[in-house]
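Enquirer: I am attaching a structure below and will ask some questions about it afterwards.
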Amino acid sequence: MEKTALIYEGKAKKVWSTPDETLCIVDYKDDATAFNGLKKGTIKGKGAINNRVSNFMMRLLAEQGVPTHFVEELSDRETLVKKVEIVPLEVIIRNISAGSFAKNYGVKEGIVFEEPTIEFSYKNDDLGDPLINSYHAIALGLATKEEIEQIKAMAFKTNDVMKAFFKGLGIDLVDFKLEFGKTADGSIVLADEISPDTCRFWDSETHEKLDKDRFRRDLGNVEGAYEEMLRRIMGE
Ligand code: ADP
Ligand code: UDP
């Protein structure tokens with residue numbers, strides 16, 4: 001399947017149309033941004049790593065009964081996916097306090113929760129992706145009540161699968177962001193990506209951060225952390 005036209009260029013990926021209007025090609029870049037685009041940089045090799053990591057996770061989730069947009073890995077950086085209408089919500093699951101949760105609620109990072117939490121942000125760059133609750137999302141017509149229920153169930157199931165998988169690799173899955181989309185037939189699938197850009201991964205023993213926080217917080221060895229995650233996931 002070949003690329004026909006560039007539909008969208010985002011911060012981390014390009015999206016291309018294909019001759020099949022139900023499919024598109026995502027093309028992963030090495031560009032990195034943080035704090036709503038205020039911090040910009042490049043993480044060498046990130047695009048290829050995120051492509052492989054995300055496709056691995058999407059395959060694993062599909063096997064475990066979570067429908068996804070994944071169709072076929074085309075190259076190092078390119079993947080064929082089902083073209084979806086993205087539900088404009090960032091769905092965030094947390095197992096351990098970190099990032100904006102720790103900041104907003106004035107607690108330290110590293111508190112292990114009894115039960116995972118879920119929250120939504122309205123995916124809208126102009127507004128700075130504000131936190132939103134499910135009633136607001138329904139009122140704004142971003143999703144129906146049924147779709148929200150389905151998204152919640154799929155997000156928690158994704159957490160169960162990923163948490164157990166990463167535990168086996170000696171990694172604590174701290175938190176992550178998911179996006180969902182609607183296919184041509186109206187069904188909801190997991191879309192976008194699952195990678196060290198969109199998850200927090202801490203080494204279970206050393207608590208070393210192996211994700212984009214190394215870039216956000218200038219912790220050094222950013223490329224090394226992404227490579228380490230790829231190595232552990234692929235068992236290389
Ligand atoms: P951003 O838009 O936040 O800068 P990216 O650079 O990752 O993010 O751009 C990828 C865009 O493609 C995102 O807006 C994402 O919602 C969208 N997207 C992800 N998966 C699909 C898909 N299967 N079909 C259509 N759009 C998708
Ligand atoms: N996240 C993301 N994209 C965003 C916002 C958050 O992928 O636009 C991920 C982030 O990598 C982390 C989780 O969602 O794994 C929770 O992020 P948080 O709300 O703590 O925000 P941050 O600390 O990034 O401001």
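Identifiers in this document derive from the order of the structure tokens: chains are assigned A, B, ..., residues are numbered from 1 separately in each chain, and ligands are numbered from 1 in order of occurrence.
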Let me see if you get this right: every residue at most 10 Å from ligand 1, counting only C-alpha atoms and all ligand atoms, written as a tab-separated table (two decimals) with N, CA, C and O atoms, in the first residue's frame.

Expert:
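After the write, pocket.tsv holds the following:
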chain	number	residue	atom	x	y	z
A	7	ILE	N	-2.22	13.87	5.01
A	7	ILE	CA	-3.49	14.36	5.55
A	7	ILE	C	-3.22	15.30	6.72
A	7	ILE	O	-3.91	16.29	6.94
A	8	TYR	N	-2.20	14.94	7.52
A	8	TYR	CA	-1.99	15.67	8.77
A	8	TYR	C	-0.54	15.49	9.21
A	8	TYR	O	0.00	14.40	9.11
A	9	GLU	N	0.07	16.58	9.65
A	9	GLU	CA	1.38	16.43	10.30
A	9	GLU	C	1.27	16.89	11.73
A	9	GLU	O	0.99	18.07	12.00
A	10	GLY	N	1.47	15.98	12.67
A	10	GLY	CA	1.41	16.31	14.09
A	10	GLY	C	2.80	16.50	14.66
A	10	GLY	O	3.77	16.66	13.91
A	11	LYS	N	2.87	16.49	15.98
A	11	LYS	CA	4.14	16.74	16.65
A	11	LYS	C	5.07	15.52	16.54
A	11	LYS	O	6.27	15.69	16.46
A	12	ALA	N	4.49	14.34	16.54
A	12	ALA	CA	5.31	13.12	16.55
A	12	ALA	C	5.13	12.23	15.34
A	12	ALA	O	5.94	11.33	15.11
A	13	LYS	N	4.06	12.46	14.58
A	13	LYS	CA	3.78	11.57	13.45
A	13	LYS	C	3.18	12.36	12.28
A	13	LYS	O	2.56	13.41	12.49
A	14	LYS	N	3.35	11.74	11.08
A	14	LYS	CA	2.63	12.24	9.91
A	14	LYS	C	1.58	11.19	9.59
A	14	LYS	O	1.82	9.99	9.79
A	15	VAL	N	0.44	11.63	9.07
A	15	VAL	CA	-0.60	10.69	8.67
A	15	VAL	C	-0.86	10.88	7.18
A	15	VAL	O	-1.09	12.00	6.72
A	16	TRP	N	-0.78	9.78	6.42
A	16	TRP	CA	-0.94	9.80	4.96
A	16	TRP	C	-2.18	9.04	4.55
A	16	TRP	O	-2.51	8.00	5.14
A	17	SER	N	-2.82	9.50	3.48
A	17	SER	CA	-3.92	8.73	2.91
A	17	SER	C	-3.33	7.65	2.01
A	17	SER	O	-2.14	7.70	1.65
A	22	THR	N	-10.40	3.53	3.57
A	22	THR	CA	-10.63	3.09	4.96
A	22	THR	C	-9.31	2.91	5.72
A	22	THR	O	-9.31	2.59	6.90
A	23	LEU	N	-8.19	3.10	5.01
A	23	LEU	CA	-6.87	2.88	5.63
A	23	LEU	C	-6.01	4.12	5.53
A	23	LEU	O	-6.15	4.91	4.60
A	24	CYS	N	-5.09	4.30	6.47
A	24	CYS	CA	-4.07	5.35	6.33
A	24	CYS	C	-2.73	4.84	6.84
A	24	CYS	O	-2.65	3.78	7.47
A	25	ILE	N	-1.70	5.59	6.54
A	25	ILE	CA	-0.34	5.21	6.94
A	25	ILE	C	0.17	6.24	7.95
A	25	ILE	O	0.12	7.44	7.68
A	26	VAL	N	0.62	5.76	9.12
A	26	VAL	CA	1.24	6.69	10.08
A	26	VAL	C	2.74	6.53	9.95
A	26	VAL	O	3.27	5.43	9.75
A	27	ASP	N	3.41	7.65	10.05
A	27	ASP	CA	4.84	7.75	9.78
A	27	ASP	C	5.45	8.45	11.02
A	27	ASP	O	5.17	9.62	11.27
A	28	TYR	N	6.24	7.68	11.77
A	28	TYR	CA	6.75	8.17	13.06
A	28	TYR	C	8.01	9.02	12.89
A	28	TYR	O	8.97	8.59	12.25
A	29	LYS	N	8.05	10.18	13.53
A	29	LYS	CA	9.19	11.11	13.43
A	29	LYS	C	10.06	11.02	14.70
A	29	LYS	O	9.62	10.53	15.73
A	31	ASP	N	11.01	13.78	16.10
A	31	ASP	CA	10.71	15.04	16.81
A	31	ASP	C	10.05	14.75	18.15
A	31	ASP	O	9.19	13.89	18.26
A	32	ALA	N	10.46	15.53	19.14
A	32	ALA	CA	9.85	15.40	20.48
A	32	ALA	C	9.42	16.78	20.95
A	32	ALA	O	10.12	17.78	20.72
A	33	THR	N	8.25	16.83	21.58
A	33	THR	CA	7.81	18.08	22.20
A	33	THR	C	7.29	17.77	23.60
A	33	THR	O	6.94	16.63	23.89
A	36	ASN	N	3.05	21.17	26.02
A	36	ASN	CA	2.22	21.76	24.97
A	36	ASN	C	3.02	22.43	23.86
A	36	ASN	O	2.64	23.49	23.37
A	37	GLY	N	4.12	21.81	23.50
A	37	GLY	CA	4.92	22.30	22.38
A	37	GLY	C	5.94	23.36	22.76
A	37	GLY	O	6.71	23.81	21.92
A	68	THR	N	-8.06	-2.86	17.92
A	68	THR	CA	-7.17	-1.71	17.67
A	68	THR	C	-7.20	-1.33	16.19
A	68	THR	O	-7.72	-2.07	15.36
A	69	HIS	N	-6.54	-0.20	15.90
A	69	HIS	CA	-6.48	0.28	14.50
A	69	HIS	C	-5.39	-0.42	13.69
A	69	HIS	O	-5.31	-0.26	12.48
A	70	PHE	N	-4.53	-1.20	14.35
A	70	PHE	CA	-3.35	-1.78	13.69
A	70	PHE	C	-3.72	-2.71	12.54
A	70	PHE	O	-4.56	-3.58	12.68
A	71	VAL	N	-3.05	-2.54	11.40
A	71	VAL	CA	-3.23	-3.45	10.26
A	71	VAL	C	-1.92	-4.15	9.92
A	71	VAL	O	-1.82	-5.36	9.96
A	79	THR	N	3.45	2.48	9.45
A	79	THR	CA	2.47	1.43	9.73
A	79	THR	C	1.13	1.75	9.08
A	79	THR	O	0.68	2.89	9.10
A	80	LEU	N	0.55	0.69	8.51
A	80	LEU	CA	-0.79	0.80	7.92
A	80	LEU	C	-1.81	0.60	9.05
A	80	LEU	O	-1.71	-0.38	9.80
A	81	VAL	N	-2.73	1.54	9.17
A	81	VAL	CA	-3.76	1.45	10.23
A	81	VAL	C	-5.14	1.71	9.62
A	81	VAL	O	-5.24	2.30	8.53
A	82	LYS	N	-6.17	1.28	10.34
A	82	LYS	CA	-7.52	1.64	9.93
A	82	LYS	C	-7.68	3.13	10.15
A	82	LYS	O	-7.32	3.65	11.22
A	83	LYS	N	-8.23	3.81	9.17
A	83	LYS	CA	-8.47	5.25	9.32
A	83	LYS	C	-9.68	5.42	10.24
A	83	LYS	O	-10.73	4.82	9.99
A	84	VAL	N	-9.50	6.18	11.29
A	84	VAL	CA	-10.62	6.38	12.23
A	84	VAL	C	-10.90	7.85	12.43
A	84	VAL	O	-10.06	8.71	12.15
A	85	GLU	N	-12.10	8.12	12.93
A	85	GLU	CA	-12.42	9.46	13.39
A	85	GLU	C	-12.05	9.47	14.87
A	85	GLU	O	-12.65	8.76	15.68
A	86	ILE	N	-10.99	10.22	15.20
A	86	ILE	CA	-10.49	10.21	16.58
A	86	ILE	C	-11.52	10.84	17.52
A	86	ILE	O	-12.04	11.93	17.24
A	87	VAL	N	-11.82	10.15	18.62
A	87	VAL	CA	-12.65	10.73	19.68
A	87	VAL	C	-11.73	11.74	20.38
A	87	VAL	O	-10.66	11.35	20.86
A	88	PRO	N	-12.10	13.03	20.40
A	88	PRO	CA	-11.13	14.03	20.87
A	88	PRO	C	-10.93	14.06	22.40
A	88	PRO	O	-11.10	15.08	23.06
A	89	LEU	N	-10.58	12.89	22.92
A	89	LEU	CA	-10.31	12.76	24.36
A	89	LEU	C	-8.98	12.05	24.54
A	89	LEU	O	-8.70	11.07	23.84
A	90	GLU	N	-8.14	12.56	25.46
A	90	GLU	CA	-6.96	11.82	25.87
A	90	GLU	C	-7.38	11.06	27.11
A	90	GLU	O	-7.85	11.67	28.09
A	123	LYS	N	-8.97	16.84	23.89
A	123	LYS	CA	-7.85	16.96	22.95
A	123	LYS	C	-8.07	18.19	22.09
A	123	LYS	O	-8.77	18.14	21.07
A	124	ASN	N	-7.53	19.30	22.54
A	124	ASN	CA	-7.72	20.57	21.86
A	124	ASN	C	-6.51	21.47	22.19
A	124	ASN	O	-6.43	22.04	23.29
A	125	ASP	N	-5.56	21.53	21.24
A	125	ASP	CA	-4.30	22.24	21.48
A	125	ASP	C	-4.52	23.71	21.83
A	125	ASP	O	-3.82	24.26	22.68
A	129	ASP	N	-5.45	21.26	26.02
A	129	ASP	CA	-5.91	19.92	26.46
A	129	ASP	C	-6.43	19.92	27.91
A	129	ASP	O	-5.90	19.21	28.76
A	178	LEU	N	-4.13	7.06	26.26
A	178	LEU	CA	-4.68	6.34	25.11
A	178	LEU	C	-5.57	7.27	24.31
A	178	LEU	O	-6.13	8.23	24.85
A	179	GLU	N	-5.70	6.94	23.01
A	179	GLU	CA	-6.70	7.62	22.17
A	179	GLU	C	-7.55	6.54	21.50
A	179	GLU	O	-7.02	5.48	21.15
A	180	PHE	N	-8.81	6.83	21.33
A	180	PHE	CA	-9.72	5.90	20.68
A	180	PHE	C	-10.30	6.56	19.45
A	180	PHE	O	-10.36	7.78	19.35
A	181	GLY	N	-10.74	5.72	18.49
A	181	GLY	CA	-11.33	6.26	17.28
A	181	GLY	C	-12.49	5.42	16.83
A	181	GLY	O	-12.67	4.28	17.27
A	182	LYS	N	-13.29	6.03	15.94
A	182	LYS	CA	-14.45	5.33	15.38
A	182	LYS	C	-14.14	4.93	13.95
A	182	LYS	O	-13.75	5.77	13.13
A	183	THR	N	-14.31	3.66	13.63
A	183	THR	CA	-14.08	3.17	12.26
A	183	THR	C	-15.30	3.50	11.40
A	183	THR	O	-16.32	3.96	11.93
A	189	VAL	N	-12.28	1.64	18.33
A	189	VAL	CA	-11.02	0.89	18.43
A	189	VAL	C	-9.96	1.75	19.11
A	189	VAL	O	-10.04	2.98	19.07
A	190	LEU	N	-8.98	1.06	19.69
A	190	LEU	CA	-7.82	1.75	20.25
A	190	LEU	C	-6.98	2.27	19.08
A	190	LEU	O	-6.69	1.51	18.15
A	191	ALA	N	-6.60	3.55	19.11
A	191	ALA	CA	-5.85	4.15	18.00
A	191	ALA	C	-4.58	4.83	18.50
A	191	ALA	O	-4.09	4.54	19.60
A	192	ASP	N	-4.03	5.69	17.69
A	192	ASP	CA	-2.80	6.44	17.97
A	192	ASP	C	-1.64	5.51	18.32
A	192	ASP	O	-1.36	4.62	17.56
A	193	GLU	N	-0.94	5.73	19.44
A	193	GLU	CA	0.26	4.94	19.74
A	193	GLU	C	0.38	4.62	21.21
A	193	GLU	O	-0.22	5.31	22.06
A	197	ASP	N	6.81	7.55	24.58
A	197	ASP	CA	6.32	8.94	24.50
A	197	ASP	C	5.02	9.10	25.28
A	197	ASP	O	4.70	10.21	25.73
A	198	THR	N	4.23	8.03	25.37
A	198	THR	CA	2.86	8.16	25.90
A	198	THR	C	2.64	7.39	27.20
A	198	THR	O	1.53	7.39	27.72

Enquirer: Taking only C-alpha atoms and all ligand atoms and a cut-off of 6 Å, can you tell me which residues surround ligand 2, written as a list in words?

Expert: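 Residues satisfying the distance criterion: Ile92, Ala98, Gly99, Ser100, Phe101, Asp175, Phe176, Lys177, Asp197, Thr198, Cys199 and Arg200 of chain A.
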
Enquirer: Take the residues just selected and output them with N, CA, C and O atoms as a compact mmCIF listing (two decimals), in the first residue's frame.

Expert:
# COMPACT_ATOMS: atom_id res chain seq x y z
N ILE A 92 -6.43 8.92 30.21
CA ILE A 92 -5.22 8.67 31.00
C ILE A 92 -5.53 7.72 32.16
O ILE A 92 -6.46 7.95 32.93
N ALA A 98 2.32 10.36 39.64
CA ALA A 98 3.44 10.98 38.92
C ALA A 98 2.89 12.18 38.17
O ALA A 98 1.67 12.38 38.10
N GLY A 99 3.80 12.96 37.59
CA GLY A 99 3.44 14.03 36.66
C GLY A 99 2.38 14.97 37.18
O GLY A 99 2.44 15.44 38.32
N SER A 100 1.38 15.23 36.33
CA SER A 100 0.38 16.25 36.68
C SER A 100 -0.49 15.83 37.87
O SER A 100 -1.00 16.68 38.59
N PHE A 101 -0.64 14.52 38.10
CA PHE A 101 -1.42 14.06 39.26
C PHE A 101 -0.73 14.51 40.55
O PHE A 101 -1.34 15.10 41.44
N ASP A 175 1.85 5.23 34.40
CA ASP A 175 0.63 5.84 33.82
C ASP A 175 0.79 5.86 32.31
O ASP A 175 1.88 5.60 31.78
N PHE A 176 -0.27 6.14 31.60
CA PHE A 176 -0.20 6.23 30.13
C PHE A 176 -1.44 6.91 29.59
O PHE A 176 -2.45 7.04 30.27
N LYS A 177 -1.29 7.35 28.32
CA LYS A 177 -2.39 8.03 27.62
C LYS A 177 -2.84 7.19 26.43
O LYS A 177 -2.00 6.67 25.69
N ASP A 197 6.81 7.55 24.58
CA ASP A 197 6.32 8.94 24.50
C ASP A 197 5.02 9.10 25.28
O ASP A 197 4.70 10.21 25.73
N THR A 198 4.23 8.03 25.37
CA THR A 198 2.86 8.16 25.90
C THR A 198 2.64 7.39 27.20
O THR A 198 1.53 7.39 27.72
N CYS A 199 3.69 6.72 27.68
CA CYS A 199 3.59 5.95 28.94
C CYS A 199 4.72 6.38 29.87
O CYS A 199 5.77 6.82 29.39
N ARG A 200 4.53 6.21 31.17
CA ARG A 200 5.66 6.30 32.10
C ARG A 200 6.06 4.88 32.50
O ARG A 200 5.20 4.11 32.95

Enquirer: Select, from A:Leu131, A:Ile118, A:Met154, A:Val112, the residue with the minimum atom-to-atom distance to Ala62 of chain A, counting only C-alpha atoms.

Expert: A:Met154

Enquirer: When you draw a straight line from atom CA of Glu205 of chain A to atom CA of Gly170 of chain A, how long is it in Å?

Expert: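 According to the coordinates, atom CA of Glu205 of chain A and atom CA of Gly170 of chain A are separated by 7.3 Å.
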
Enquirer: Could you tell me, as a PyMOL selection string, which residues of segment 28-218 of chain A DSSP assigns to helix (DSSP H, G or I) when given the backbone?

Expert: chain A and resi 46-63+99-105+125-127+134-139+145-167+213-216

Enquirer: Within 12 Å of segment 222-228 of chain A, counting only C-alpha atoms, which residues show up once you throw out same-chain ones fewer than 6 positions away? Write them as a PyMOL selection string, please.

Expert: chain A and resi 30+32+41-53+169-171+195-203+208-216+234-236

Enquirer: Which parts of segment 71-155 of chain A does DSSP call strand (DSSP E) when run on the backbone here, written out as an MDAnalysis selection string?

Expert: chainID A and resid 71:73 78:82 85:86 89:96 112:122 131:132

Enquirer: Give me the residues within 9 Å of Lys157 of chain A as a ChimeraX atom specification, counting only C-alpha atoms and dropping any in the same chain fewer than 4 places off.

Expert: /A:61,64-66,152-153,161-162

Enquirer: If you count only C-alpha atoms, which residues fall within 8 Å of Pro19 of chain A, apart from same-chain ones fewer than 3 positions away, as an MDAnalysis selection string?

Expert: chainID A and resid 1:4
